[in-house]
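Here is the structure we will look at, set down as structure tokens.
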Amino acid sequence: METSTTKLGLKNNWKQFTLLVIVNAFVGGMIGMERTIIPKFAEIEFGIASKTALLSFIIAFGITKAITNYFTGKLANQFGRKNLLLFGWVLALPIPFILIYAESWNWVIFANILLGISQGLTWSSTVVMKIDLVGEKDRGLAMGLNEFAGYFAVGLVAFLSGYIAQKYGITPYPFYLGIGISISGFLLTLFFVKDTRKFVQQENTTNTTQKLENIFLETTFKNKTLSAITQAGLVNNLNDGMIWGLLPIVLLSLNYDSQNIGIITAIYPTVWGFGQLITGKMSDVYSKKKMLFWGMLLQGIAILFIPLASAFYQLAAISAFLGLGTALVYPTFLSAIAQATTPNQRAESIGTFRLWRDLGYAIGAIISGITADLFGINYAIILIGVITIVSSLIIEIRMTQDAL
């Protein structure tokens, strides 16, 4: 029988849910700190010119975050969601100081390895904890609110760091944002967040979803729905890795200053963030397959228009459409994975999905960096756009209707 402390649902658990939304905003803010300024920071402070070398910080971030996602999902039931979240914040605390006092590019890469581990622990934990709290009915809404908070913060802090860099210089002032964010996230988690494992036990008593034989293999390859979602997640972050690394370089080549680069690069994650307030709930009501297909297709088309644009309003519109496409898929990925797995296997399946999804950052940075160095940035952008459109077709062909 349910007790008052283990009732599932957003209404019953709104206080903890709201707290976790706020915590995830701080998590997103740690990425936003780097989003606008790192390419210029690399050039001014360390003389980094090669696109592949520049994108090495994204490669380091993507690989470590991806691996950490998997182990966070695997260890969540064993060590507790809150403990993993708290450890993630502990690792975040030194990152801004490393960037401020970095004497070589290797220190920047080391900071991004720490950031990847921290993000894997913190973001994965907040995702799983929110799904634990709300139960089946409001999963999409929960993921929409979670990802909105995270990516709105990415956009906001990306804009603020660009503005601060323009006014006060590329270092150290933009990194002071990270100091405040990491301390706030740590203290909120330590004193106010509660673990959610008991909600999993409660939901498990009524769940009828068939157990997966091998969670990693089923999520990656064998299960048609799970593997289709996983490849799309990888491609989504593959193109995000390219946008993160190459869009500021494109804008610099068009003679945009740090403030305008900050505005254009911030539109994408901000629309992505706000859009999820609507698309998250949509995924509870409408076909998840259709939302994933159209979202990936829209992203691919938007990317293909980047080499054709030079005016501010054109690039701002492309950034907005890219954000809209990503908003359609991002909360839908997670709610679809959660729906296709049992409560006890959910954390590990989400961890496996997030392993492959965030490896997309590294794969995207490697592919786009090498292609940009060999053939030019426009060819790199076109290649990533085509890959994204192909991913939408895989969703259409492979994802089965019965898991919608």
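The chains in the structure tokens are called A, B, ... from first to last as shown; in each chain the residues are counted from 1, and the ligands are counted from 1 in the order shown.
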| field | Spatial neighbours of segment 185-198 of chain A, 6 Å, only C-alpha atoms, chain gap at least 6 places, as a ChimeraX atom specification | value | /A:23,26,81-82,89,129
Going by DSSP on the backbone, which residues of segment 182-245 of chain A come out as alpha helix (DSSP H)? List them as a PDB file with C-alpha atoms, in the first residue's frame.
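Listing of result_14.pdb after writing:
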```pdb
ATOM      1  CA  SER A 182      29.221  25.463  -8.591  1.00  0.00           C
ATOM      2  CA  ILE A 183      29.061  26.637  -4.957  1.00  0.00           C
ATOM      3  CA  SER A 184      25.292  27.230  -5.180  1.00  0.00           C
ATOM      4  CA  GLY A 185      24.632  23.831  -6.772  1.00  0.00           C
ATOM      5  CA  PHE A 186      26.716  22.035  -4.149  1.00  0.00           C
ATOM      6  CA  LEU A 187      25.015  23.723  -1.178  1.00  0.00           C
ATOM      7  CA  LEU A 188      21.464  23.205  -2.536  1.00  0.00           C
ATOM      8  CA  THR A 189      22.149  19.503  -3.083  1.00  0.00           C
ATOM      9  CA  LEU A 190      23.861  18.991   0.285  1.00  0.00           C
ATOM     10  CA  PHE A 191      21.159  20.571   2.420  1.00  0.00           C
ATOM     11  CA  PHE A 192      17.868  20.185   0.538  1.00  0.00           C
ATOM     12  CA  ARG A 197      15.104   5.277  -4.700  1.00  0.00           C
ATOM     13  CA  LYS A 198      11.961   4.504  -2.655  1.00  0.00           C
ATOM     14  CA  PHE A 199       9.817   5.864  -5.517  1.00  0.00           C
ATOM     15  CA  VAL A 200      11.329   3.277  -7.870  1.00  0.00           C
ATOM     16  CA  GLN A 201      10.289   0.503  -5.492  1.00  0.00           C
ATOM     17  CA  GLN A 202       6.773   1.935  -5.361  1.00  0.00           C
ATOM     18  CA  GLU A 203       6.407   2.157  -9.156  1.00  0.00           C
ATOM     19  CA  ASN A 204       7.811  -1.333  -9.614  1.00  0.00           C
ATOM     20  CA  ILE A 215      20.260  -3.551 -20.971  1.00  0.00           C
ATOM     21  CA  PHE A 216      23.382  -2.249 -22.739  1.00  0.00           C
ATOM     22  CA  LEU A 217      22.983  -4.356 -25.913  1.00  0.00           C
ATOM     23  CA  LYS A 224      14.405  -1.497 -32.458  1.00  0.00           C
ATOM     24  CA  THR A 225      12.799   1.366 -30.547  1.00  0.00           C
ATOM     25  CA  LEU A 226      15.579   1.860 -27.986  1.00  0.00           C
ATOM     26  CA  SER A 227      18.391   1.626 -30.555  1.00  0.00           C
ATOM     27  CA  ALA A 228      16.627   4.031 -32.959  1.00  0.00           C
ATOM     28  CA  ILE A 229      16.279   6.563 -30.137  1.00  0.00           C
ATOM     29  CA  THR A 230      19.915   6.030 -29.127  1.00  0.00           C
ATOM     30  CA  GLN A 231      21.378   6.675 -32.604  1.00  0.00           C
ATOM     31  CA  ALA A 232      19.305   9.852 -32.894  1.00  0.00           C
ATOM     32  CA  GLY A 233      20.571  10.994 -29.503  1.00  0.00           C
ATOM     33  CA  LEU A 234      24.152  10.443 -30.669  1.00  0.00           C
ATOM     34  CA  VAL A 235      23.573  12.418 -33.896  1.00  0.00           C
ATOM     35  CA  ASN A 236      21.782  15.205 -32.006  1.00  0.00           C
ATOM     36  CA  ASN A 237      24.840  15.796 -29.833  1.00  0.00           C
ATOM     37  CA  LEU A 238      27.153  15.191 -32.794  1.00  0.00           C
ATOM     38  CA  ASN A 239      25.664  18.259 -34.471  1.00  0.00           C
ATOM     39  CA  ASP A 240      25.600  20.139 -31.159  1.00  0.00           C
ATOM     40  CA  GLY A 241      29.337  19.478 -30.766  1.00  0.00           C
ATOM     41  CA  MET A 242      29.908  20.951 -34.224  1.00  0.00           C
ATOM     42  CA  ILE A 243      27.746  24.011 -33.435  1.00  0.00           C
ATOM     43  CA  TRP A 244      29.511  24.529 -30.091  1.00  0.00           C
ATOM     44  CA  GLY A 245      32.963  24.451 -31.681  1.00  0.00           C
TER      45      GLY A 245
END
```
Ile164 of chain A: which residues within 12 Å, counting only C-alpha atoms, same-chain residues fewer than 5 positions away excluded, as a PDB file with N, CA and C atoms, in the first residue's frame?
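Saved to result07.pdb:
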```pdb
ATOM      1  N   MET A  33      29.011  28.635 -19.266  1.00  0.00           N
ATOM      2  CA  MET A  33      30.202  29.445 -18.961  1.00  0.00           C
ATOM      3  C   MET A  33      31.237  29.369 -20.081  1.00  0.00           C
ATOM      4  N   THR A  36      30.399  30.340 -25.251  1.00  0.00           N
ATOM      5  CA  THR A  36      30.685  31.438 -26.171  1.00  0.00           C
ATOM      6  C   THR A  36      32.169  31.755 -26.271  1.00  0.00           C
ATOM      7  N   ILE A  37      32.885  31.670 -25.143  1.00  0.00           N
ATOM      8  CA  ILE A  37      34.205  32.314 -25.066  1.00  0.00           C
ATOM      9  C   ILE A  37      35.400  31.413 -25.312  1.00  0.00           C
ATOM     10  N   VAL A 157      23.788  31.838 -19.470  1.00  0.00           N
ATOM     11  CA  VAL A 157      25.172  32.015 -19.045  1.00  0.00           C
ATOM     12  C   VAL A 157      26.097  32.195 -20.259  1.00  0.00           C
ATOM     13  N   ALA A 158      25.760  31.569 -21.397  1.00  0.00           N
ATOM     14  CA  ALA A 158      26.527  31.796 -22.622  1.00  0.00           C
ATOM     15  C   ALA A 158      26.463  33.268 -23.026  1.00  0.00           C
ATOM     16  N   PHE A 159      25.258  33.853 -22.934  1.00  0.00           N
ATOM     17  CA  PHE A 159      25.113  35.283 -23.247  1.00  0.00           C
ATOM     18  C   PHE A 159      25.875  36.140 -22.243  1.00  0.00           C
ATOM     19  N   GLY A 169      37.079  41.656 -20.692  1.00  0.00           N
ATOM     20  CA  GLY A 169      38.162  40.784 -21.142  1.00  0.00           C
ATOM     21  C   GLY A 169      37.808  39.319 -21.016  1.00  0.00           C
ATOM     22  N   ILE A 170      38.545  38.506 -21.772  1.00  0.00           N
ATOM     23  CA  ILE A 170      38.202  37.082 -21.903  1.00  0.00           C
ATOM     24  C   ILE A 170      38.461  36.287 -20.625  1.00  0.00           C
ATOM     25  N   THR A 171      39.345  36.761 -19.767  1.00  0.00           N
ATOM     26  CA  THR A 171      39.638  36.120 -18.481  1.00  0.00           C
ATOM     27  C   THR A 171      40.102  37.188 -17.506  1.00  0.00           C
ATOM     28  N   PRO A 172      39.812  37.070 -16.204  1.00  0.00           N
ATOM     29  CA  PRO A 172      39.165  35.958 -15.505  1.00  0.00           C
ATOM     30  C   PRO A 172      37.665  36.133 -15.283  1.00  0.00           C
ATOM     31  N   TYR A 173      37.127  37.355 -15.567  1.00  0.00           N
ATOM     32  CA  TYR A 173      35.780  37.684 -15.079  1.00  0.00           C
ATOM     33  C   TYR A 173      34.669  36.743 -15.536  1.00  0.00           C
ATOM     34  N   PRO A 174      34.655  36.261 -16.812  1.00  0.00           N
ATOM     35  CA  PRO A 174      33.578  35.329 -17.187  1.00  0.00           C
ATOM     36  C   PRO A 174      33.561  34.049 -16.341  1.00  0.00           C
ATOM     37  N   PHE A 175      34.721  33.620 -15.866  1.00  0.00           N
ATOM     38  CA  PHE A 175      34.800  32.375 -15.099  1.00  0.00           C
ATOM     39  C   PHE A 175      34.321  32.541 -13.651  1.00  0.00           C
ATOM     40  N   TYR A 176      34.187  33.795 -13.196  1.00  0.00           N
ATOM     41  CA  TYR A 176      33.623  34.015 -11.860  1.00  0.00           C
ATOM     42  C   TYR A 176      32.189  33.510 -11.783  1.00  0.00           C
ATOM     43  N   LEU A 177      31.483  33.537 -12.930  1.00  0.00           N
ATOM     44  CA  LEU A 177      30.132  32.962 -12.981  1.00  0.00           C
ATOM     45  C   LEU A 177      30.150  31.501 -12.535  1.00  0.00           C
ATOM     46  N   SER A 258      32.312  39.803 -29.747  1.00  0.00           N
ATOM     47  CA  SER A 258      31.976  38.805 -28.715  1.00  0.00           C
ATOM     48  C   SER A 258      30.522  38.910 -28.271  1.00  0.00           C
ATOM     49  N   GLN A 259      29.995  40.132 -28.181  1.00  0.00           N
ATOM     50  CA  GLN A 259      28.616  40.311 -27.715  1.00  0.00           C
ATOM     51  C   GLN A 259      27.618  39.723 -28.712  1.00  0.00           C
ATOM     52  N   GLY A 262      27.785  36.066 -28.770  1.00  0.00           N
ATOM     53  CA  GLY A 262      27.058  35.592 -27.595  1.00  0.00           C
ATOM     54  C   GLY A 262      25.562  35.529 -27.823  1.00  0.00           C
TER      55      GLY A 262
END
```
| message | I'd like the contact shell of segment 66-76 of chain A - 12 Å cut-off, only C-alpha atoms, skipping same-chain residues fewer than 6 positions apart - returned as a PyMOL selection string. | response | chain A and resi 58-60+82-85+87-88+113-129+132+195-197+200+215-216+219-220+233-234+237+344-363
| Which residue, A:Met30, A:Leu308, A:Ile261, A:Ala327, has the smallest gap to Leu247 of chain A when you use only C-alpha atoms? | A:Ile261
| task | Would you kindly return, as number ranges by chain, each protein, DNA or RNA residue with an atom no farther than 8 Å from any atom of Ile131 of chain A, considering only C-alpha atoms and excluding same-chain residues fewer than 4 positions away? | result | A: 127, 135, 139, 142-143, 338
Please produce a file of those selected residues containing N, CA, C and O atoms, as a PDB file, in the first residue's frame.
```pdb
ATOM      1  N   VAL A 127      17.975  13.884 -13.986  1.00  0.00           N
ATOM      2  CA  VAL A 127      17.045  13.261 -14.935  1.00  0.00           C
ATOM      3  C   VAL A 127      16.351  12.062 -14.286  1.00  0.00           C
ATOM      4  O   VAL A 127      15.118  11.950 -14.282  1.00  0.00           O
ATOM      5  N   GLY A 135       6.368   9.380 -11.980  1.00  0.00           N
ATOM      6  CA  GLY A 135       5.639   8.240 -12.497  1.00  0.00           C
ATOM      7  C   GLY A 135       5.391   8.355 -13.988  1.00  0.00           C
ATOM      8  O   GLY A 135       5.954   9.210 -14.668  1.00  0.00           O
ATOM      9  N   ARG A 139       5.907  11.989 -17.480  1.00  0.00           N
ATOM     10  CA  ARG A 139       7.334  11.868 -17.775  1.00  0.00           C
ATOM     11  C   ARG A 139       7.820  12.903 -18.783  1.00  0.00           C
ATOM     12  O   ARG A 139       8.867  13.512 -18.616  1.00  0.00           O
ATOM     13  N   ALA A 142       7.972  16.255 -17.207  1.00  0.00           N
ATOM     14  CA  ALA A 142       9.100  16.301 -16.280  1.00  0.00           C
ATOM     15  C   ALA A 142      10.409  16.518 -17.015  1.00  0.00           C
ATOM     16  O   ALA A 142      11.246  17.335 -16.612  1.00  0.00           O
ATOM     17  N   MET A 143      10.591  15.787 -18.124  1.00  0.00           N
ATOM     18  CA  MET A 143      11.827  15.931 -18.892  1.00  0.00           C
ATOM     19  C   MET A 143      11.888  17.285 -19.589  1.00  0.00           C
ATOM     20  O   MET A 143      12.955  17.881 -19.716  1.00  0.00           O
ATOM     21  N   ALA A 338      12.279   5.844 -21.036  1.00  0.00           N
ATOM     22  CA  ALA A 338      11.663   5.477 -19.755  1.00  0.00           C
ATOM     23  C   ALA A 338      10.428   4.615 -19.964  1.00  0.00           C
ATOM     24  O   ALA A 338      10.175   3.670 -19.217  1.00  0.00           O
TER      25      ALA A 338
END
```
| Among the residues A:Trp14, A:Trp105, A:Phe97, A:Phe79, the one that comes closest to Leu54 of chain A [using only C-alpha atoms] | A:Trp105
| note | The distance between atom CA of Lys51 of chain A and atom CA of Gly178 of chain A is 25.3 Å
| query | Hey, which of A:Ile303, A:Leu298, A:Ala320, A:Thr52 ends up closest to Ser392 of chain A? Count only C-alpha atoms. | reply |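 Checking each of A:Ile303, A:Leu298, A:Ala320, A:Thr52 against Ser392 of chain A, counting only C-alpha atoms, the winner is A:Leu298.
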| Suppose you want the space between atom CA of Gly150 of chain A and atom CA of Asn24 of chain A; what is it in Å? | 5.2 Å
| Which residues, written as an MDAnalysis selection string, have at least one atom at most 12 Å from segment 45-49 of chain A, with only C-alpha atoms counted and residues fewer than 4 positions away on the same chain left out? | chainID A and resid 37:41 53:57 99:108 169:172 249 369 372:373
| task | Find the spatial neighbours of Met296 of chain A, counting only C-alpha atoms, within a cut-off of 9 Å - ignore same-chain residues fewer than 5 positions away - and output them as a PyMOL selection string. | result | chain A and resi 232+235-236+291+301+325-326+328-329+388-393+395
| Separation of atom CA of Thr265 of chain A from atom CA of Gly162 of chain A, in Å and rounded to one decimal |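 Separating atom CA of Thr265 of chain A from atom CA of Gly162 of chain A is a distance of 9.6 Å.
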